[in-house]
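K.L.:
Next comes the structure file data.cif, holding mmCIF, C-alpha atoms.
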```
data_upload
loop_
_atom_site.label_atom_id
_atom_site.label_comp_id
_atom_site.auth_asym_id
_atom_site.auth_seq_id
_atom_site.Cartn_x
_atom_site.Cartn_y
_atom_site.Cartn_z
CA MET A 1 -16.04 -14.12 19.27
CA ARG A 2 -16.58 -12.68 15.81
CA THR A 3 -17.15 -9.19 14.56
CA LEU A 4 -19.59 -8.05 11.92
CA VAL A 5 -19.70 -4.79 10.04
CA GLY A 6 -23.03 -3.08 9.44
CA SER A 7 -24.11 -0.78 6.64
CA ALA A 8 -23.23 2.87 6.41
CA ARG A 9 -26.76 3.77 7.54
CA GLN A 10 -26.44 1.98 10.87
CA PRO A 11 -25.03 4.02 13.75
CA THR A 12 -23.21 1.09 15.39
CA LEU A 13 -20.85 -0.68 13.02
CA VAL A 14 -18.93 -3.34 14.91
CA HIS A 15 -20.49 -5.75 17.38
CA VAL A 16 -19.22 -8.56 19.53
CA TYR A 17 -21.34 -11.69 19.86
CA THR A 18 -21.33 -13.57 23.16
CA ALA A 19 -23.42 -16.55 24.24
CA SER A 20 -26.05 -14.31 25.79
CA ARG A 21 -26.12 -10.94 24.09
CA THR A 22 -24.86 -8.57 21.44
CA ARG A 23 -23.15 -5.30 22.29
CA PRO A 24 -21.10 -2.69 20.46
CA LEU A 25 -17.36 -2.96 20.78
CA SER A 26 -15.95 -0.13 22.84
CA TYR A 27 -13.20 2.23 21.76
CA ASP A 28 -10.72 0.45 24.06
CA GLU A 29 -11.65 -2.98 22.66
CA LEU A 30 -11.20 -1.80 19.07
CA VAL A 31 -7.85 -0.24 19.92
CA GLU A 32 -6.70 -3.45 21.59
CA GLN A 33 -7.67 -5.48 18.53
CA ALA A 34 -5.78 -3.14 16.21
CA LEU A 35 -2.64 -3.10 18.36
CA SER A 36 -2.54 -6.88 18.72
CA ALA A 37 -3.05 -7.57 15.00
CA PRO A 38 0.19 -8.83 13.41
CA LEU A 39 2.02 -6.75 10.81
CA LEU A 40 3.63 -9.34 8.54
CA GLY A 41 4.85 -8.58 5.06
CA TRP A 42 2.48 -6.44 3.03
CA ASP A 43 -0.65 -8.21 4.26
CA PHE A 44 -3.75 -6.10 4.87
CA SER A 45 -6.16 -9.03 5.20
CA TRP A 46 -6.91 -8.03 8.81
CA LEU A 47 -8.84 -5.07 7.39
CA ARG A 48 -11.20 -7.29 5.42
CA GLY A 49 -14.74 -6.35 6.43
CA ARG A 50 -13.50 -3.27 8.28
CA THR A 51 -12.74 -1.17 5.20
CA SER A 52 -14.15 -0.93 1.69
CA GLY A 53 -13.30 0.70 -1.63
CA GLY A 54 -9.83 1.83 -2.63
CA SER A 55 -9.54 -0.03 -5.96
CA PRO A 56 -8.39 1.95 -9.00
CA SER A 57 -10.04 1.46 -12.39
CA TRP A 58 -6.97 -0.31 -13.78
CA ARG A 59 -5.67 -3.77 -12.80
CA TYR A 60 -1.97 -3.63 -11.98
CA THR A 61 -1.55 -7.40 -11.62
CA GLU A 62 -3.22 -8.11 -14.96
CA ARG A 63 -0.85 -5.77 -16.80
CA ALA A 64 2.16 -7.08 -14.88
CA SER A 65 1.24 -10.66 -15.74
CA ALA A 66 0.91 -9.77 -19.43
CA LEU A 67 4.41 -8.26 -19.45
CA LEU A 68 6.09 -11.32 -17.92
CA SER A 69 5.96 -13.42 -21.09
CA ALA A 70 8.39 -11.07 -22.86
CA ALA A 71 10.67 -10.54 -19.86
CA PRO A 72 13.12 -13.38 -19.06
CA ARG A 73 14.80 -11.21 -16.38
CA LEU A 74 12.53 -9.56 -13.81
CA LEU A 75 13.16 -7.28 -10.83
CA ASP A 76 10.38 -6.59 -8.32
CA LEU A 77 11.19 -3.52 -6.20
CA ASP A 78 9.99 -3.21 -2.59
CA THR A 79 8.30 -6.58 -2.79
CA GLY A 80 7.02 -6.46 0.82
CA GLY A 81 6.38 -10.03 1.86
CA GLY A 82 6.29 -11.11 -1.80
CA GLU A 83 2.49 -11.33 -1.80
CA VAL A 84 1.82 -9.57 -5.11
CA LEU A 85 4.80 -11.07 -6.94
CA ALA A 86 3.81 -14.59 -5.86
CA SER A 87 0.34 -14.01 -7.32
CA LEU A 88 1.95 -13.59 -10.77
CA ALA A 89 3.51 -17.09 -10.82
CA PRO A 90 4.89 -18.74 -12.86
CA LEU A 91 7.69 -16.21 -12.78
CA PRO A 92 10.50 -15.67 -15.33
CA ARG A 93 13.49 -17.99 -15.01
CA HIS A 94 15.61 -15.13 -13.65
CA THR A 95 13.54 -13.26 -11.05
CA VAL A 96 14.91 -11.06 -8.28
CA ALA A 97 12.78 -9.48 -5.56
CA MET A 98 14.20 -6.66 -3.47
CA GLU A 99 12.94 -5.43 -0.09
CA ALA A 100 14.16 -2.58 2.08
CA TRP A 101 12.47 -3.40 5.40
CA ARG A 102 14.50 -6.11 7.10
CA PRO A 103 11.64 -7.99 8.85
CA ASN A 104 9.99 -8.52 5.46
CA ILE A 105 13.03 -10.08 3.80
CA ALA A 106 12.69 -13.46 5.50
CA ILE A 107 8.94 -13.48 4.87
CA ALA A 108 9.45 -12.74 1.18
CA ALA A 109 12.19 -15.36 0.88
CA GLU A 110 10.01 -18.06 2.38
CA ARG A 111 7.20 -17.23 -0.02
CA LEU A 112 9.24 -16.64 -3.19
CA ARG A 113 12.12 -19.12 -3.13
CA PRO A 114 9.79 -22.05 -3.98
CA LEU A 115 8.86 -20.00 -7.07
CA ASN A 116 12.56 -19.82 -8.09
CA ALA A 117 12.98 -16.16 -7.16
CA THR A 118 16.00 -14.66 -5.40
CA VAL A 119 15.31 -12.21 -2.58
CA LEU A 120 17.75 -9.39 -1.84
CA GLY A 121 17.84 -6.71 0.82
CA GLY A 122 18.33 -3.21 -0.52
CA THR A 123 16.80 0.19 -1.17
CA ALA A 124 15.43 1.79 -4.31
CA ASP A 125 18.15 4.44 -4.13
CA ALA A 126 20.93 1.84 -4.34
CA ILE A 127 19.68 -1.30 -6.10
CA PRO A 128 22.31 -3.98 -5.40
CA VAL A 129 22.64 -5.31 -8.98
CA SER A 130 24.79 -4.54 -12.03
CA GLU A 131 23.87 -2.24 -14.87
CA ALA A 132 21.53 -3.45 -17.64
CA THR A 133 20.56 -6.61 -15.78
CA PHE A 134 16.77 -6.74 -16.21
CA ASP A 135 14.19 -6.62 -18.98
CA LEU A 136 11.31 -5.65 -16.69
CA VAL A 137 11.07 -3.79 -13.40
CA LEU A 138 7.87 -4.02 -11.38
CA ASN A 139 7.12 -1.66 -8.53
CA ARG A 140 3.83 -1.61 -6.67
CA HIS A 141 3.66 1.00 -3.90
CA GLY A 142 7.43 1.05 -3.51
CA ALA A 143 9.98 3.84 -3.61
CA LEU A 144 10.85 4.86 -7.17
CA ASN A 145 14.27 6.18 -8.13
CA ALA A 146 14.18 6.85 -11.87
CA ALA A 147 17.96 6.96 -12.23
CA GLU A 148 18.44 3.59 -10.54
CA VAL A 149 15.67 1.92 -12.54
CA ALA A 150 17.23 3.24 -15.75
CA ARG A 151 20.62 1.90 -14.65
CA VAL A 152 19.45 -1.67 -14.04
CA LEU A 153 17.18 -1.96 -17.11
CA THR A 154 18.41 -3.04 -20.53
CA PRO A 155 17.68 -0.69 -23.46
CA GLY A 156 14.12 -1.41 -24.47
CA GLY A 157 13.34 -2.71 -20.99
CA ARG A 158 10.10 -1.76 -19.30
CA LEU A 159 8.96 -0.34 -16.01
CA LEU A 160 5.49 -0.87 -14.61
CA THR A 161 4.73 0.93 -11.39
CA GLN A 162 1.70 1.76 -9.28
CA GLN A 163 2.47 4.57 -6.87
CA VAL A 164 0.87 6.16 -3.82
CA GLY A 165 0.84 9.92 -4.24
CA THR A 166 1.24 12.57 -1.56
CA ARG A 167 -2.44 13.55 -1.75
CA ASN A 168 -3.18 10.16 -0.25
CA ASP A 169 -5.56 9.90 2.75
CA LEU A 170 -5.04 13.52 3.80
CA GLU A 171 -8.43 13.34 5.51
CA LEU A 172 -6.78 11.18 8.18
CA ASN A 173 -4.16 13.82 8.90
CA ILE A 174 -6.83 16.51 9.07
CA ALA A 175 -9.13 14.49 11.35
CA LEU A 176 -6.30 13.71 13.77
CA GLY A 177 -4.69 17.14 13.64
CA ALA A 178 -1.47 15.68 12.24
CA PRO A 179 1.00 17.54 9.99
CA LEU A 180 0.14 17.55 6.30
CA PRO A 181 2.67 16.57 3.61
CA ASP A 182 3.15 18.67 0.51
CA PRO A 183 0.32 17.35 -1.68
CA GLU A 184 2.24 18.17 -4.86
CA ALA A 185 5.51 16.47 -3.85
CA TRP A 186 4.74 13.13 -5.50
CA THR A 187 2.18 13.10 -8.28
CA LEU A 188 1.87 11.57 -11.72
CA ALA A 189 3.31 14.71 -13.33
CA VAL A 190 6.35 14.71 -11.04
CA ALA A 191 7.07 11.01 -11.62
CA VAL A 192 6.63 11.25 -15.40
CA ASN A 193 9.02 14.20 -15.62
CA ARG A 194 11.68 12.33 -13.66
CA LEU A 195 11.37 9.22 -15.82
CA ARG A 196 11.62 11.22 -19.03
CA HIS A 197 14.71 12.97 -17.69
CA TYR A 198 16.42 9.59 -17.36
CA GLY A 199 15.60 8.35 -20.84
CA PHE A 200 12.19 6.73 -20.50
CA HIS A 201 9.36 6.97 -23.00
CA VAL A 202 6.04 6.86 -21.15
CA LEU A 203 3.54 4.46 -22.73
CA ASP A 204 0.71 4.75 -20.22
CA ALA A 205 0.06 7.20 -17.38
CA ARG A 206 -3.07 7.34 -15.21
CA GLU A 207 -3.95 9.01 -11.93
CA GLU A 208 -7.02 8.67 -9.72
CA MET A 209 -8.40 9.74 -6.36
CA ILE A 210 -10.42 6.83 -4.98
CA ASP A 211 -12.81 6.65 -2.04
CA TYR A 212 -11.60 4.39 0.77
CA VAL A 213 -13.93 3.82 3.71
CA PHE A 214 -13.05 2.93 7.32
CA HIS A 215 -15.87 1.23 9.22
CA ASP A 216 -14.33 1.29 12.71
CA ILE A 217 -11.54 3.04 14.58
CA GLY A 218 -9.56 -0.19 14.89
CA ALA A 219 -9.18 -0.18 11.09
CA VAL A 220 -7.83 3.37 11.22
CA ILE A 221 -5.26 2.46 13.87
CA PHE A 222 -4.13 -0.71 12.08
CA HIS A 223 -3.80 1.23 8.83
CA LEU A 224 -1.62 3.90 10.44
CA ARG A 225 0.56 1.20 12.03
CA ALA A 226 1.00 -0.48 8.63
CA VAL A 227 1.78 2.71 6.70
CA PRO A 228 3.71 4.84 9.23
CA TRP A 229 4.75 7.39 6.62
CA GLN A 230 1.16 8.71 6.52
CA ILE A 231 1.55 10.19 10.03
CA PRO A 232 5.22 9.66 10.97
CA ASP A 233 4.74 10.46 14.67
CA PHE A 234 1.59 8.36 15.02
CA ASP A 235 1.03 6.70 18.37
CA HIS A 236 -2.43 5.75 19.62
CA GLU A 237 -1.74 7.36 22.99
CA ARG A 238 -0.34 10.58 21.53
CA TYR A 239 -3.43 10.92 19.32
CA GLU A 240 -5.93 9.47 21.81
CA GLY A 241 -8.19 12.54 21.93
CA PRO A 242 -8.63 12.91 18.15
CA LEU A 243 -8.94 9.12 17.77
CA GLN A 244 -11.77 9.00 20.30
CA SER A 245 -13.50 11.85 18.51
CA LEU A 246 -13.13 10.02 15.20
CA HIS A 247 -14.48 6.84 16.83
CA GLU A 248 -17.60 8.72 17.92
CA ARG A 249 -17.94 10.17 14.44
CA ILE A 250 -17.77 6.71 12.86
CA CYS A 251 -20.33 5.33 15.31
CA SER A 252 -22.64 8.24 14.52
CA GLN A 253 -22.21 8.40 10.76
CA GLY A 254 -21.44 4.76 10.06
CA GLU A 255 -18.13 5.35 8.25
CA PHE A 256 -15.16 7.62 7.65
CA THR A 257 -14.12 8.17 4.04
CA VAL A 258 -10.69 9.19 2.81
CA ARG A 259 -9.32 9.54 -0.71
CA ASN A 260 -6.59 7.20 -1.93
CA HIS A 261 -4.15 8.87 -4.34
CA ARG A 262 -2.91 6.35 -6.91
CA PHE A 263 -1.13 6.60 -10.23
CA LEU A 264 0.07 4.04 -12.75
CA ILE A 265 2.95 4.39 -15.19
CA GLU A 266 4.23 2.03 -17.87
CA ALA A 267 7.41 3.21 -19.55
CA VAL A 268 10.15 1.87 -21.82
CA LEU A 269 13.85 2.78 -21.58
CA LEU A 270 15.07 4.20 -24.88
#
```
Show this structure as structure tokens.

P.N.:
Amino acid sequence: MRTLVGSARQPTLVHVYTASRTRPLSYDELVEQALSAPLLGWDFSWLRGRTSGGSPSWRYTERASALLSAAPRLLDLDTGGGEVLASLAPLPRHTVAMEAWRPNIAIAAERLRPLNATVLGGTADAIPVSEATFDLVLNRHGALNAAEVARVLTPGGRLLTQQVGTRNDLELNIALGAPLPDPEAWTLAVAVNRLRHYGFHVLDAREEMIDYVFHDIGAVIFHLRAVPWQIPDFDHERYEGPLQSLHERICSQGEFTVRNHRFLIEAVLL
């Protein structure tokens, strides 16, 4: 069996091919696929072909890679399964990756130890290293504690972070009738002010709202499983009615578009 995704102008987006015929996948079949898909590390490859868009105008990995040559001591915060950090190899001779979610630690260690990186468990609010240990801190979609980053960086050290703001994907909350976060709680302006308060000079700061398109309800459910902070009480049974309505909407309109809230900051510790 394989699934194909049609264009936004086609009313039926996902089909299942059998030996004899083609038919649309039902709501229950799409839900079953999404619930059985593994959640390992920070791997969203299951969504390939089921979603589109979501890329900011900048290239985080390109800038991170450029900074590595001048940074013999690197810390990667909330590394997930180490996927993004591994893509930057070769890594500095002293590289530490930190991850807060316990199931990801073993996954990150398996991926990163062959690249000569040490993997630690810990949270952004209590980084388990000494003061002034690193020349560069990378943080892609992880928690950001400005005071802790300032503590572990050497003077002149740099931070590069790509953050998910609180205006992110609010269309999902609205469509499912879920509580809305404060959209102004975590924005570029808030993050920049905190970094400046702790002695950083901001070199680059950008913020964008980017279209991100779901092509079937299974993609929505997988996404909400992978990022549970979007709707903290999400459960496919609790939200079954709104999910079925959204499924019908996707089948009718061909897609469901949300807006990703992203911002990028590069800063140096004075």

K.L.:
Give me the residues within 10 Å of Glu131 in chain A as a list of chain:residue names, counting all atoms listed in the file and dropping any in the same chain fewer than 6 places off.

P.N.:
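Listed by chain and then number, they are A:Glu148, A:Val149, A:Ala150, A:Arg151, A:Val152, A:Leu153, A:Thr154.
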
K.L.:
For the PyMOL selection byres ((chain A and resi 229) around 12), applied here, can you spell out every residue it catches as a PyMOL selection string?

P.N.:
chain A and resi 164-166+168-170+173+178-181+223-228+230-234

K.L.:
My list of candidates is A:Gly49, A:Gly41, A:Pro155, A:Phe134. Which is closest to Asn104 in chain A when distances are computed with all atoms listed in the file?

P.N.:
A:Gly41

K.L.:
Show me the residues around (-14.3, 6.3, 2.8) - criterion: an atom at most 12 Å away, all atoms listed in the file counted - as a PyMOL selection string.

P.N.:
chain A and resi 8+50-55+169-172+209-216+219-220+250+253-260

K.L.:
Take the PyMOL selection byres ((chain A and resi 109-115) around 9), run it mentally on this structure, and tell me the resulting residues as a ChimeraX atom specification.

P.N.:
/A:81-83,85-86,89-91,97,104-108,116-120

K.L.:
Please indicate the distance in Å from CA of Ala71 in chain A to CA of Ala132 in chain A, rounded to one decimal place.

P.N.:
13.2 Å

K.L.:
Using all atoms listed in the file, which of the listed residues (A:Gly177, A:Pro92, A:Pro24, A:Gly218) sits closest to Ser65 in chain A?

P.N.:
A:Pro92

K.L.:
Could you state the separation of CA of Pro128 in chain A and CA of Leu159 in chain A in Å, given to one decimal place?

P.N.:
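The value is 17.4 Å.
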
K.L.:
Which residues come within 12 Å of His197 in chain A, counting all atoms listed in the file, excluding same-chain residues fewer than 2 positions away, as a PDB file with C-alpha atoms, keeping the file's coordinate frame?

P.N.:
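Result went into part.pdb, see below:
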```pdb
ATOM      1  CA  ASN A 145      14.270   6.180  -8.130  1.00  0.00           C
ATOM      2  CA  ALA A 146      14.180   6.850 -11.870  1.00  0.00           C
ATOM      3  CA  ALA A 147      17.960   6.960 -12.230  1.00  0.00           C
ATOM      4  CA  ALA A 150      17.230   3.240 -15.750  1.00  0.00           C
ATOM      5  CA  VAL A 190       6.350  14.710 -11.040  1.00  0.00           C
ATOM      6  CA  ALA A 191       7.070  11.010 -11.620  1.00  0.00           C
ATOM      7  CA  VAL A 192       6.630  11.250 -15.400  1.00  0.00           C
ATOM      8  CA  ASN A 193       9.020  14.200 -15.620  1.00  0.00           C
ATOM      9  CA  ARG A 194      11.680  12.330 -13.660  1.00  0.00           C
ATOM     10  CA  LEU A 195      11.370   9.220 -15.820  1.00  0.00           C
ATOM     11  CA  GLY A 199      15.600   8.350 -20.840  1.00  0.00           C
ATOM     12  CA  PHE A 200      12.190   6.730 -20.500  1.00  0.00           C
ATOM     13  CA  HIS A 201       9.360   6.970 -23.000  1.00  0.00           C
ATOM     14  CA  VAL A 202       6.040   6.860 -21.150  1.00  0.00           C
ATOM     15  CA  LEU A 269      13.850   2.780 -21.580  1.00  0.00           C
ATOM     16  CA  LEU A 270      15.070   4.200 -24.880  1.00  0.00           C
TER      17      LEU A 270
END
```
